[in-house]
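Encoded as structure tokens, the structure appears first; notes follow it.
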Amino acid sequence: MLSNISYTSLEGVFLLVLMIFFGKAFRENWKMKNTVVYNSWLFKSWVFGLLSSISFFIIVLVPMKN
């Protein structure tokens, strides 16, 4: 079922840019945790962290087309 899933090099670059963007957003949000409302930074950290890690695992575990 999942054996025919792959991505092209352009999609790989897009995933890499997403991973970098959301990773940086996660780090910046984590640094600002003392200056904003508790639930706000926590929720944003989870969202940015999950999106960054999902794109990382897609890059690592899904084969790329030639």
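The way I read the labels, and the way they are meant: chains A, B, ... in the order of the structure tokens, residue 1 as the first residue of every chain, and ligand 1 as the first ligand shown, with later ones counted on from there.
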
Please provide as a PyMOL selection string all residues within 10 Å of region 50-59 of chain A, with the sequence filter that same-chain residues fewer than 3 positions apart are discarded (counting only C-alpha atoms).
-> chain A and resi 6-7+11-26+44-47+62-64

Which of chain A fall in alpha helix (DSSP H), as a PyMOL selection string | chain A and resi 9-31+38-61

Which is closest to Asn66 (chain A) among A:Trp41, A:Asn29, A:Leu10, A:Thr35, if we use only C-alpha atoms?
->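 Checking each candidate against Asn66 (chain A), we get A:Leu10 as the closest.
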